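Please read the structure below before turning to the comments.
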Number of protein chains: 6
Amino acid sequence: MNIVVQTIERADPAVIAGLAECGVATVHEAQGQIGLLACHMRPIFSGAQIAGSAVTVSMPPGDNWMIHVAIEQLQAGDILVCAPTSPCGDGYFGDLLATSAMARGCRGLVIDAGVRDVRDLTKMGFPVWSKCISAQGTVKGKLGSVNTPIICAGAQIRPGDVIVADDDGVCVVRREEAEEVLAKARQRLAAEEAKRARLAAGELGLDLYNMRPTLQEKGLKYV
Amino acid sequence: MNIVVQTIERADPAVIAGLAECGVATVHEAQGQIGLLACHMRPIFSGAQIAGSAVTVSMPPGDNWMIHVAIEQLQAGDILVCAPTSPCGDGYFGDLLATSAMARGCRGLVIDAGVRDVRDLTKMGFPVWSKCISAQGTVKGKLGSVNTPIICAGAQIRPGDVIVADDDGVCVVRREEAEEVLAKARQRLAAEEAKRARLAAGELGLDLYNMRPTLQEKGLKYV
Amino acid sequence: MNIVVQTIERADPAVIAGLAECGVATVHEAQGQIGLLACHMRPIFSGAQIAGSAVTVSMPPGDNWMIHVAIEQLQAGDILVCAPTSPCGDGYFGDLLATSAMARGCRGLVIDAGVRDVRDLTKMGFPVWSKCISAQGTVKGKLGSVNTPIICAGAQIRPGDVIVADDDGVCVVRREEAEEVLAKARQRLAAEEAKRARLAAGELGLDLYNMRPTLQEKGLKYV
Amino acid sequence: MNIVVQTIERADPAVIAGLAECGVATVHEAQGQIGLLACHMRPIFSGAQIAGSAVTVSMPPGDNWMIHVAIEQLQAGDILVCAPTSPCGDGYFGDLLATSAMARGCRGLVIDAGVRDVRDLTKMGFPVWSKCISAQGTVKGKLGSVNTPIICAGAQIRPGDVIVADDDGVCVVRREEAEEVLAKARQRLAAEEAKRARLAAGELGLDLYNMRPTLQEKGLKYV
Amino acid sequence: MNIVVQTIERADPAVIAGLAECGVATVHEAQGQIGLLACHMRPIFSGAQIAGSAVTVSMPPGDNWMIHVAIEQLQAGDILVCAPTSPCGDGYFGDLLATSAMARGCRGLVIDAGVRDVRDLTKMGFPVWSKCISAQGTVKGKLGSVNTPIICAGAQIRPGDVIVADDDGVCVVRREEAEEVLAKARQRLAAEEAKRARLAAGELGLDLYNMRPTLQEKGLKYV
Amino acid sequence: MNIVVQTIERADPAVIAGLAECGVATVHEAQGQIGLLACHMRPIFSGAQIAGSAVTVSMPPGDNWMIHVAIEQLQAGDILVCAPTSPCGDGYFGDLLATSAMARGCRGLVIDAGVRDVRDLTKMGFPVWSKCISAQGTVKGKLGSVNTPIICAGAQIRPGDVIVADDDGVCVVRREEAEEVLAKARQRLAAEEAKRARLAAGELGLDLYNMRPTLQEKGLKYV
């Protein structure tokens, strides 16, 4: 059955903003090395680092009709997350859809399929993480669902979960854990800051992390 | 038999220029979603958007001799389109060949194989769409053909066909259909321009395209 | 047995600097079209062109402990070269390790696995050639070896061999052949310089290389 | 947190047996074209067609310790379903584990990673669907979880869900829908049986499915 | 425009039978190392070696409607050759379509997409060469064309061209060249037969083909 | 420089025979999980399990001339191991070369490229492990080397090293370590035999390997 869920819960905007600042690698570590989407999901341009609430789209291969449906459900701060029901590399999304999504305050697109008009999207500053870039057009003929749980690039994403994306890829944080993950991520960043200064000054990780005794115990030989 | 066809018909330069402005996605749609090369064909740098007449090269794997032969056949406004007779990722083309091609007015290279010297090619502003980047050298030992129909990245390309290429990939337009395709592409762009303004103003595609009745008829449920 | 070789021979710094200037494609040709790493090894940002002495790391899949060990062995002008003992795309290396490596004068990283924090690495100007970009974290639990011969992306690399890397990929030059390869590479560059000018002036490769007689002899037909 | 869930609900054995008879393609269609695992999941030998209750394993890359843990949880008629927490092609499973699994009545293995000893597994008649075949050994050092929901080859699988596998691949049926899906699958098979006879007698699908009017209406031209 | 060409020319059945006996590798060599489809086209079972006249199908991704249309155009001795208009791995074809195709004397299927029911197809002895095996279902909603020239797995195939397929893959022979290619293929086989006996008796290819002088001249050193 | 090394040392035939009996997975474990070739190396038919001394061939892409040269260097019990100098999937080897190799007592072929005539090779019982199957022909025009160290599918192989190959893939054992590796492999097999009986009787690996205390200590929770 094809449905559109119109009301979803979202995480606290301040928490989401905090996760965006932390970035994918830190957030992924902070929640115990889980939640990454497959590394074939690459940004169409470098330097974007965002977080937002997932509005999910389950869509047929080669058919982008449901993205139009999904746009109506977008609120400011959301990220569109789209997965086809069987593998597809067609270009589901281009500059017109991006114009419409941006008009509703959408922060970006994560799609386990293709995207097109990437020169325009880059000029517009609308970030996309996708499986590929392809001008192959799609049709509008079959239904799917909006705001139901989906599997996107190997990760389960529920509507309202927090998506974090940057040049390292894409990570999902469960909405109800977002605040706790942010706290851990910030602790991690703080600890890294101190380490960074010491490492930059020439101190070795071997000493900073006190690795030498364990390495010796495990039998590493220096020759 | 290995041949070089020295006289080929080309499309009207004004039509070619028009197709370049339209870009790959629009041209591909305008001609009925056909003509795309496989999406593994990626530009070596972002931002180039060109169109030109195909000078085709069928070449042996690992042997770039015929590219030298093809350069003599280039006229201003042409695009070199090269395909190996069996799959190969070697670096067939570098900055010297690009210098020579540019001296003849060539606008770029489309090659279903590897390319090298990409830093120099980028500095020179010579755009290339290729299967991969590889420094692996080739030899000059075996013949192929120039300006015969080839299959390049899954698409048939005949000498003189119009090649359109940008950040979305590469598309081929049959020479004799170029003018008609341009007309349709321009209509499409004009229609998109009007839609873009309305979408930017917040109007939904659901309303702009009058999709709601059909979605309801197909059974989409809002919950 | 897991060992760390603490003393390795390095090539003459002037020779290494010379090889960096020549770049990958020229060096690869100068040594007889050998020494390239597989073309899946791509830079995380464009424009870097470096050479340095290899400090090698053989490491378990998903475990970056030995990179910490290797950093102590780095001298100014070295390049870290890392290969997992079975295929792995995890993100072994990020900005903290880069900070530490840079503090010791390391020029860059070549890793047949994943890397992360690429936005930071780009800001820091620390170049990396890797199989993929992935935020997937690793652990520190198992030993490997430092400065033993390894196979990295299909090429054998011995500690102290010269690594050359640029936008075309990565090439290895045996330490004891580095001076001879540099001499040949410079000859090649000089010869190319003269050819470049003639090609830019419109002379054809067919004439410059005197290819016409051989093409005719092999049976190429102009029609 | 790493847990082993010791009590899971399973579907009715008669329903499971019925789904095995129907096979993957029919079951997939009967539940509305959902539930397939990615098509890189291939059998190590041809001809097996099974169904069983999923005992799920979430395991670290390169570490098969949790499979030993999972075997204790197996009951007659179960199928082991294993997914690594980051992509891995190592050979997690061989003839000793298969001996142990068979001793507990396990019907087969579905693993989004590698398997080894495939000649022995074939002789033993223990069917496996895997991402690859690799002799690469694993270690036993890190925990994972048993009988928690996992994502395996792009599909969500919960413990106790019904797995159907044959030469076409692998499909998952939610435990609570198994009976209804079986009923639909049997209807489908019955309908196909009647059609098969008519098609074998030379009747065309165009007539059997009354496609001619719609084709004409859509504009198909016979020339 | 979507069309069905109802009348195509076919090659002489005796020539087709001869080409089947020669097999793919010999035919490919006999016509000058051209005509191979990409090597991702693999048989679903081993040992089939066939040739037949191509009935071509250009079909939308995920939509197998046109295969039903094509079956009506099949004559005894034909081979169905299907290509999607954009890349697709869905399972377009199963046992019911095979039943119908066999009822019309079809010898097999070549499809640059997925196939399913492979256990049944194997039992029926209906050979298929495909890009993958997938149970993923398709729909019947959009038109394509039958018996127009297509690009299938990188090769151009025109209706009525002769398809040769065996465990080595698939090769296409232009209909009007089939007789000449067969003659050359038979010469090649005859020559190979004589060589095979001498090689089996221990004579070396180095002597049989008189390679030693050329090897010496090229500079091969025996040490 | 292109050379043919005519005299190589080989391991003791009895040791080689012993390694063949142990198979790839056991040998790989016995030598400390090293020596595997990449898992894209697959057998053309199932069930072969062999070992032999490597006669190595370094050959240009698309050129099989050096295989003819190598055959003269084969002795009874050898295995041909071939690697192209840049990636290539052409069909370098077919039934005539196999006839010649078998006449010299060659046990099989390992090639990081393509092979053809696989139906004939299967009938002849000549086992091959290759990257792919392709009818694409090669030429005889350029030199390479025989019996020099090569990198094949990611592993270094020196002439005379012992190659072990079966349905799990291919493993290389250094000649000078072959006897020691065999001893360890046999110990491993003996230990496995005892374990197999206990596992078949229903004993759990958790108990057999005394894993429960460590699992508890690491924090695994049973719920």
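Chain labels run A, B, ... following the order of the structure tokens; each chain numbers its residues from 1, and ligands are numbered from 1 in the order shown.
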What residues in chain E lie within 8 Å of chain F, counting only C-alpha atoms, written as a ChimeraX atom specification? /E:24-25,28-29,33,36,39,46-47,167-169,192,195-196,199-206,215,218-223
Preceding selection exported with N, CA, C and O atoms as a tab-separated table (two decimals), in the first residue's frame:
```tsv
chain	number	residue	atom	x	y	z
E	24	VAL	N	31.74	-19.40	-30.41
E	24	VAL	CA	31.97	-17.97	-30.32
E	24	VAL	C	33.42	-17.57	-30.62
E	24	VAL	O	33.68	-16.65	-31.40
E	25	ALA	N	34.38	-18.22	-29.98
E	25	ALA	CA	35.77	-17.77	-30.13
E	25	ALA	C	36.22	-17.89	-31.58
E	25	ALA	O	36.85	-16.97	-32.13
E	28	HIS	N	34.36	-15.25	-33.77
E	28	HIS	CA	34.91	-13.93	-33.46
E	28	HIS	C	36.25	-13.71	-34.17
E	28	HIS	O	36.51	-12.66	-34.76
E	29	GLU	N	37.12	-14.70	-34.14
E	29	GLU	CA	38.40	-14.60	-34.83
E	29	GLU	C	38.21	-14.55	-36.34
E	29	GLU	O	38.86	-13.78	-37.05
E	33	GLN	N	38.14	-10.47	-35.18
E	33	GLN	CA	38.08	-10.06	-33.77
E	33	GLN	C	37.08	-8.92	-33.53
E	33	GLN	O	37.35	-8.00	-32.77
E	36	LEU	N	31.95	-9.13	-30.51
E	36	LEU	CA	31.67	-9.69	-29.19
E	36	LEU	C	30.80	-8.76	-28.36
E	36	LEU	O	31.02	-7.55	-28.34
E	39	CYS	N	31.81	-8.99	-21.78
E	39	CYS	CA	31.96	-10.28	-21.12
E	39	CYS	C	31.16	-10.38	-19.84
E	39	CYS	O	31.21	-11.42	-19.18
E	46	SER	N	25.93	-24.14	-17.99
E	46	SER	CA	27.06	-24.44	-18.86
E	46	SER	C	26.69	-25.41	-19.97
E	46	SER	O	25.80	-26.23	-19.81
E	47	GLY	N	27.39	-25.31	-21.07
E	47	GLY	CA	27.33	-26.35	-22.08
E	47	GLY	C	26.48	-26.05	-23.30
E	47	GLY	O	26.59	-26.75	-24.30
E	167	ASP	N	29.64	-21.03	-23.94
E	167	ASP	CA	30.17	-20.75	-22.60
E	167	ASP	C	31.17	-19.59	-22.59
E	167	ASP	O	31.48	-19.04	-21.53
E	168	ASP	N	31.69	-19.23	-23.75
E	168	ASP	CA	32.62	-18.09	-23.82
E	168	ASP	C	31.91	-16.74	-23.89
E	168	ASP	O	32.54	-15.71	-23.75
E	169	GLY	N	30.61	-16.75	-24.17
E	169	GLY	CA	29.87	-15.49	-24.26
E	169	GLY	C	29.02	-15.43	-25.51
E	169	GLY	O	28.49	-16.46	-25.97
E	192	GLU	N	43.24	-25.47	-37.15
E	192	GLU	CA	43.47	-25.73	-35.72
E	192	GLU	C	43.54	-27.22	-35.45
E	192	GLU	O	44.31	-27.67	-34.59
E	195	LYS	N	46.96	-28.43	-36.11
E	195	LYS	CA	47.88	-27.93	-35.07
E	195	LYS	C	47.67	-28.65	-33.75
E	195	LYS	O	48.62	-28.96	-33.04
E	196	ARG	N	46.41	-28.93	-33.45
E	196	ARG	CA	46.11	-29.55	-32.16
E	196	ARG	C	46.82	-30.90	-32.05
E	196	ARG	O	47.40	-31.22	-31.00
E	199	LEU	N	50.54	-30.25	-31.46
E	199	LEU	CA	50.80	-29.75	-30.11
E	199	LEU	C	50.60	-30.86	-29.07
E	199	LEU	O	51.37	-30.98	-28.11
E	200	ALA	N	49.57	-31.68	-29.30
E	200	ALA	CA	49.31	-32.78	-28.36
E	200	ALA	C	50.47	-33.77	-28.35
E	200	ALA	O	50.75	-34.42	-27.34
E	201	ALA	N	51.15	-33.85	-29.48
E	201	ALA	CA	52.30	-34.76	-29.58
E	201	ALA	C	53.57	-34.15	-28.98
E	201	ALA	O	54.62	-34.78	-28.97
E	202	GLY	N	53.46	-32.94	-28.52
E	202	GLY	CA	54.60	-32.35	-27.81
E	202	GLY	C	55.35	-31.29	-28.60
E	202	GLY	O	56.27	-30.65	-28.08
E	203	GLU	N	54.99	-31.09	-29.87
E	203	GLU	CA	55.65	-30.03	-30.62
E	203	GLU	C	55.31	-28.68	-29.98
E	203	GLU	O	54.22	-28.49	-29.47
E	204	LEU	N	56.26	-27.79	-30.00
E	204	LEU	CA	56.04	-26.49	-29.37
E	204	LEU	C	55.46	-25.47	-30.35
E	204	LEU	O	55.83	-25.45	-31.52
E	205	GLY	N	54.62	-24.60	-29.84
E	205	GLY	CA	54.11	-23.50	-30.65
E	205	GLY	C	55.26	-22.65	-31.19
E	205	GLY	O	55.19	-22.13	-32.32
E	206	LEU	N	56.32	-22.50	-30.40
E	206	LEU	CA	57.49	-21.75	-30.85
E	206	LEU	C	58.01	-22.27	-32.18
E	206	LEU	O	58.47	-21.50	-33.03
E	215	LEU	N	61.32	-13.64	-32.17
E	215	LEU	CA	61.58	-13.35	-30.75
E	215	LEU	C	63.02	-12.88	-30.56
E	215	LEU	O	63.29	-11.95	-29.81
E	218	LYS	N	63.46	-9.38	-31.87
E	218	LYS	CA	62.88	-8.36	-31.00
E	218	LYS	C	63.71	-8.18	-29.72
E	218	LYS	O	63.48	-7.26	-28.94
E	219	GLY	N	64.62	-9.14	-29.48
E	219	GLY	CA	65.53	-8.92	-28.36
E	219	GLY	C	65.26	-9.75	-27.12
E	219	GLY	O	65.79	-9.44	-26.05
E	220	LEU	N	64.46	-10.80	-27.24
E	220	LEU	CA	64.22	-11.64	-26.06
E	220	LEU	C	65.50	-12.37	-25.67
E	220	LEU	O	66.15	-13.00	-26.50
E	221	LYS	N	65.85	-12.30	-24.39
E	221	LYS	CA	67.08	-12.92	-23.89
E	221	LYS	C	66.73	-14.17	-23.08
E	221	LYS	O	65.91	-14.10	-22.16
E	222	TYR	N	67.39	-15.26	-23.39
E	222	TYR	CA	67.26	-16.46	-22.57
E	222	TYR	C	68.44	-16.50	-21.60
E	222	TYR	O	69.58	-16.40	-22.01
E	223	VAL	N	68.15	-16.63	-20.31
E	223	VAL	CA	69.23	-16.63	-19.31
E	223	VAL	C	69.14	-17.87	-18.43
E	223	VAL	O	68.12	-18.55	-18.41
```
For the structure I just gave you, how does DSSP split range 37-122 of chain D - specifically, which residues are alpha helix (DSSP H)? Reply as a ChimeraX atom specification. /D:65-71,95-103,118-122
Output N, CA and C atoms of each residue in that selection to a file, as a JSON list (two decimals), in the first residue's frame.
```json
[["chain", "number", "residue", "atom", "x", "y", "z"],
["D", 65, "TRP", "N", 33.48, -14.57, 15.31],
["D", 65, "TRP", "CA", 33.20, -15.12, 16.64],
["D", 65, "TRP", "C", 31.71, -15.28, 16.89],
["D", 66, "MET", "N", 30.93, -14.29, 16.48],
["D", 66, "MET", "CA", 29.50, -14.33, 16.79],
["D", 66, "MET", "C", 28.77, -15.45, 16.06],
["D", 67, "ILE", "N", 29.36, -15.99, 15.01],
["D", 67, "ILE", "CA", 28.69, -17.12, 14.35],
["D", 67, "ILE", "C", 28.71, -18.33, 15.28],
["D", 68, "HIS", "N", 29.80, -18.51, 16.01],
["D", 68, "HIS", "CA", 29.84, -19.58, 17.00],
["D", 68, "HIS", "C", 28.75, -19.38, 18.05],
["D", 69, "VAL", "N", 28.59, -18.14, 18.46],
["D", 69, "VAL", "CA", 27.56, -17.83, 19.45],
["D", 69, "VAL", "C", 26.17, -18.12, 18.88],
["D", 70, "ALA", "N", 25.98, -17.78, 17.62],
["D", 70, "ALA", "CA", 24.66, -17.93, 17.00],
["D", 70, "ALA", "C", 24.27, -19.40, 16.85],
["D", 71, "ILE", "N", 25.25, -20.24, 16.63],
["D", 71, "ILE", "CA", 24.92, -21.66, 16.38],
["D", 71, "ILE", "C", 24.15, -22.27, 17.55],
["D", 95, "ASP", "N", 33.71, -25.47, 6.53],
["D", 95, "ASP", "CA", 33.07, -26.77, 6.74],
["D", 95, "ASP", "C", 32.87, -27.12, 8.22],
["D", 96, "LEU", "N", 33.73, -26.63, 9.11],
["D", 96, "LEU", "CA", 33.52, -26.96, 10.52],
["D", 96, "LEU", "C", 32.27, -26.28, 11.07],
["D", 97, "LEU", "N", 32.11, -25.02, 10.75],
["D", 97, "LEU", "CA", 30.90, -24.32, 11.19],
["D", 97, "LEU", "C", 29.65, -24.96, 10.56],
["D", 98, "ALA", "N", 29.79, -25.39, 9.31],
["D", 98, "ALA", "CA", 28.65, -26.02, 8.65],
["D", 98, "ALA", "C", 28.30, -27.35, 9.33],
["D", 99, "THR", "N", 29.33, -28.09, 9.73],
["D", 99, "THR", "CA", 29.10, -29.36, 10.44],
["D", 99, "THR", "C", 28.30, -29.10, 11.72],
["D", 100, "SER", "N", 28.72, -28.07, 12.43],
["D", 100, "SER", "CA", 28.06, -27.73, 13.68],
["D", 100, "SER", "C", 26.63, -27.25, 13.44],
["D", 101, "ALA", "N", 26.46, -26.42, 12.44],
["D", 101, "ALA", "CA", 25.13, -25.89, 12.12],
["D", 101, "ALA", "C", 24.19, -27.02, 11.69],
["D", 102, "MET", "N", 24.71, -27.94, 10.86],
["D", 102, "MET", "CA", 23.88, -29.06, 10.41],
["D", 102, "MET", "C", 23.49, -29.97, 11.57],
["D", 103, "ALA", "N", 24.40, -30.09, 12.52],
["D", 103, "ALA", "CA", 24.08, -30.94, 13.69],
["D", 103, "ALA", "C", 22.88, -30.38, 14.45],
["D", 118, "VAL", "N", 34.16, -24.31, -0.05],
["D", 118, "VAL", "CA", 32.92, -24.51, -0.81],
["D", 118, "VAL", "C", 32.83, -25.89, -1.44],
["D", 119, "ARG", "N", 33.97, -26.52, -1.72],
["D", 119, "ARG", "CA", 33.90, -27.90, -2.23],
["D", 119, "ARG", "C", 33.34, -28.82, -1.15],
["D", 120, "ASP", "N", 33.79, -28.65, 0.08],
["D", 120, "ASP", "CA", 33.26, -29.47, 1.17],
["D", 120, "ASP", "C", 31.79, -29.16, 1.44],
["D", 121, "LEU", "N", 31.46, -27.89, 1.45],
["D", 121, "LEU", "CA", 30.07, -27.50, 1.70],
["D", 121, "LEU", "C", 29.15, -28.10, 0.64],
["D", 122, "THR", "N", 29.65, -28.14, -0.58],
["D", 122, "THR", "CA", 28.86, -28.71, -1.66],
["D", 122, "THR", "C", 28.66, -30.21, -1.45]]
```
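For the atom pair formed by CA of Met124 in chain F and CA of Pro43 in chain F, the distance is 14.4 Å, given to one decimal.
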Point-to-point distance in Å for CA of Arg42 in chain E and CA of Phe126 in chain E: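 Calculated distance between CA of Phe126 in chain E and CA of Arg42 in chain E is 14.0 Å.
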Close residues, Pro13 in chain A itself excluded, 12 Å, only C-alpha atoms, min 2 positions apart in chain, as a PyMOL selection string: chain A and resi 9-11+15-20+51-53+75-78+160+162+175+178-179
Exercise: Lys131 in chain F partners within 6 Å, only C-alpha atoms, chain neighbours under 4 positions left out, as a list in words: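 In the requested form, the answer reads His40, Met41, Asp112, Ala113 and Gly114 of chain F.
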Go ahead and write the residues just picked, all heavy atoms, as a PDB file, in the first residue's frame.
```pdb
ATOM      1  N   HIS F  40      38.661 -12.262  -6.977  1.00  0.00           N
ATOM      2  CA  HIS F  40      38.071 -12.258  -8.333  1.00  0.00           C
ATOM      3  C   HIS F  40      38.637 -13.390  -9.182  1.00  0.00           C
ATOM      4  O   HIS F  40      38.166 -13.609 -10.303  1.00  0.00           O
ATOM      5  CB  HIS F  40      38.268 -10.895  -9.020  1.00  0.00           C
ATOM      6  CG  HIS F  40      39.686 -10.545  -9.339  1.00  0.00           C
ATOM      7  ND1 HIS F  40      40.340  -9.457  -8.799  1.00  0.00           N
ATOM      8  CD2 HIS F  40      40.606 -11.122 -10.150  1.00  0.00           C
ATOM      9  CE1 HIS F  40      41.581  -9.390  -9.260  1.00  0.00           C
ATOM     10  NE2 HIS F  40      41.761 -10.387 -10.080  1.00  0.00           N
ATOM     11  N   MET F  41      39.613 -14.122  -8.672  1.00  0.00           N
ATOM     12  CA  MET F  41      40.175 -15.254  -9.424  1.00  0.00           C
ATOM     13  C   MET F  41      39.300 -16.478  -9.194  1.00  0.00           C
ATOM     14  O   MET F  41      39.336 -17.104  -8.138  1.00  0.00           O
ATOM     15  CB  MET F  41      41.613 -15.521  -8.949  1.00  0.00           C
ATOM     16  CG  MET F  41      42.563 -14.363  -9.165  1.00  0.00           C
ATOM     17  SD  MET F  41      42.839 -13.980 -10.916  1.00  0.00           S
ATOM     18  CE  MET F  41      43.876 -15.361 -11.407  1.00  0.00           C
ATOM     19  N   ASP F 112      45.484 -13.564 -14.384  1.00  0.00           N
ATOM     20  CA  ASP F 112      44.728 -12.375 -13.953  1.00  0.00           C
ATOM     21  C   ASP F 112      44.248 -11.598 -15.184  1.00  0.00           C
ATOM     22  O   ASP F 112      44.545 -10.426 -15.378  1.00  0.00           O
ATOM     23  CB  ASP F 112      45.612 -11.487 -13.061  1.00  0.00           C
ATOM     24  CG  ASP F 112      44.777 -10.433 -12.324  1.00  0.00           C
ATOM     25  OD1 ASP F 112      43.543 -10.553 -12.332  1.00  0.00           O
ATOM     26  OD2 ASP F 112      45.367  -9.502 -11.743  1.00  0.00           O
ATOM     27  N   ALA F 113      43.502 -12.321 -16.014  1.00  0.00           N
ATOM     28  CA  ALA F 113      42.987 -11.781 -17.278  1.00  0.00           C
ATOM     29  C   ALA F 113      41.901 -12.756 -17.731  1.00  0.00           C
ATOM     30  O   ALA F 113      41.398 -13.531 -16.911  1.00  0.00           O
ATOM     31  CB  ALA F 113      44.116 -11.690 -18.305  1.00  0.00           C
ATOM     32  N   GLY F 114      41.563 -12.755 -19.016  1.00  0.00           N
ATOM     33  CA  GLY F 114      40.505 -13.624 -19.500  1.00  0.00           C
ATOM     34  C   GLY F 114      41.016 -14.921 -20.102  1.00  0.00           C
ATOM     35  O   GLY F 114      42.190 -15.064 -20.440  1.00  0.00           O
TER      36      GLY F 114
END
```
Long-range neighbours of Val173 in chain E as a list in words, 9 Å cut-off, only C-alpha atoms, 2 positions minimum in chain: Val27, His28, Gln31, Ile34, Gly35, Ile157, Asp161, Val162, Ile163, Val164, Cys171, Arg175, Glu176, Glu177, Ala178 and Val181 of chain E
Separation of CA of Arg174 in chain E from CA of Val110 in chain E in Å: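 CA of Arg174 in chain E lies 16.3 Å from CA of Val110 in chain E.
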Within 9 Å of Leu109 in chain B, counting only C-alpha atoms, which residues show up once you throw out same-chain ones fewer than 3 positions away? Write them as JSON, numbers by chain, please. {"B": [79, 80, 81, 82, 98, 106, 126, 127, 128, 129, 130]}
Could you dump the residues just selected with all heavy atoms as a compact mmCIF listing (two decimals), in the first residue's frame?
```txt
# COMPACT_ATOMS: atom_id res chain seq x y z
N ILE B 79 34.75 17.50 -31.89
CA ILE B 79 35.06 16.80 -30.64
C ILE B 79 35.56 15.41 -31.02
O ILE B 79 34.93 14.71 -31.81
CB ILE B 79 33.80 16.70 -29.74
CG1 ILE B 79 33.39 18.10 -29.26
CG2 ILE B 79 34.06 15.78 -28.56
CD1 ILE B 79 32.14 18.14 -28.39
N LEU B 80 36.70 15.04 -30.47
CA LEU B 80 37.24 13.70 -30.70
C LEU B 80 36.45 12.69 -29.87
O LEU B 80 36.28 12.91 -28.66
CB LEU B 80 38.70 13.63 -30.25
CG LEU B 80 39.80 13.70 -31.27
CD1 LEU B 80 41.16 13.64 -30.56
CD2 LEU B 80 39.71 12.58 -32.29
N VAL B 81 36.02 11.60 -30.48
CA VAL B 81 35.27 10.57 -29.77
C VAL B 81 35.96 9.23 -30.03
O VAL B 81 35.98 8.75 -31.17
CB VAL B 81 33.80 10.52 -30.24
CG1 VAL B 81 33.03 9.50 -29.41
CG2 VAL B 81 33.16 11.89 -30.14
N CYS B 82 36.51 8.64 -28.99
CA CYS B 82 37.38 7.47 -29.14
C CYS B 82 36.85 6.27 -28.36
O CYS B 82 36.48 6.41 -27.20
CB CYS B 82 38.77 7.80 -28.60
SG CYS B 82 39.55 9.23 -29.37
N ALA B 98 46.65 16.90 -26.65
CA ALA B 98 45.70 18.01 -26.45
C ALA B 98 46.20 19.30 -27.10
O ALA B 98 45.41 20.05 -27.69
CB ALA B 98 45.46 18.22 -24.96
N CYS B 106 39.92 21.86 -31.91
CA CYS B 106 39.11 20.80 -31.26
C CYS B 106 38.60 21.30 -29.91
O CYS B 106 39.32 21.93 -29.14
CB CYS B 106 39.98 19.56 -31.09
SG CYS B 106 39.15 18.19 -30.29
N PHE B 126 41.28 22.16 -21.55
CA PHE B 126 40.82 21.21 -22.57
C PHE B 126 39.97 20.16 -21.88
O PHE B 126 40.47 19.30 -21.15
CB PHE B 126 42.03 20.56 -23.26
CG PHE B 126 41.64 19.67 -24.41
CD1 PHE B 126 41.35 20.21 -25.66
CD2 PHE B 126 41.55 18.29 -24.26
CE1 PHE B 126 40.99 19.40 -26.72
CE2 PHE B 126 41.18 17.48 -25.32
CZ PHE B 126 40.90 18.04 -26.55
N PRO B 127 38.64 20.17 -22.12
CA PRO B 127 37.78 19.25 -21.37
C PRO B 127 37.80 17.83 -21.93
O PRO B 127 37.87 17.62 -23.14
CB PRO B 127 36.39 19.88 -21.54
CG PRO B 127 36.45 20.65 -22.81
CD PRO B 127 37.87 21.09 -22.99
N VAL B 128 37.76 16.88 -21.02
CA VAL B 128 37.76 15.46 -21.38
C VAL B 128 36.71 14.74 -20.54
O VAL B 128 36.60 14.99 -19.34
CB VAL B 128 39.14 14.83 -21.09
CG1 VAL B 128 39.11 13.33 -21.41
CG2 VAL B 128 40.24 15.52 -21.88
N TRP B 129 35.96 13.87 -21.19
CA TRP B 129 35.07 12.94 -20.51
C TRP B 129 35.64 11.54 -20.77
O TRP B 129 35.81 11.15 -21.94
CB TRP B 129 33.65 13.05 -21.05
CG TRP B 129 32.95 14.30 -20.61
CD1 TRP B 129 32.02 14.41 -19.62
CD2 TRP B 129 33.13 15.63 -21.12
NE1 TRP B 129 31.63 15.72 -19.48
CE2 TRP B 129 32.28 16.48 -20.38
CE3 TRP B 129 33.95 16.19 -22.12
CZ2 TRP B 129 32.22 17.85 -20.62
CZ3 TRP B 129 33.89 17.56 -22.34
CH2 TRP B 129 33.03 18.37 -21.60
N SER B 130 35.95 10.82 -19.70
CA SER B 130 36.62 9.53 -19.86
C SER B 130 36.09 8.50 -18.88
O SER B 130 35.35 8.82 -17.95
CB SER B 130 38.13 9.69 -19.65
OG SER B 130 38.40 9.96 -18.29
```
Where does DSSP see strand (DSSP E or B) in range 145-205 of chain F, if you list the residues as JSON, numbers by chain? {"F": [145, 146, 150, 151, 152, 155, 156, 157, 162, 163, 164, 165, 166, 169, 170, 171, 172, 173]}
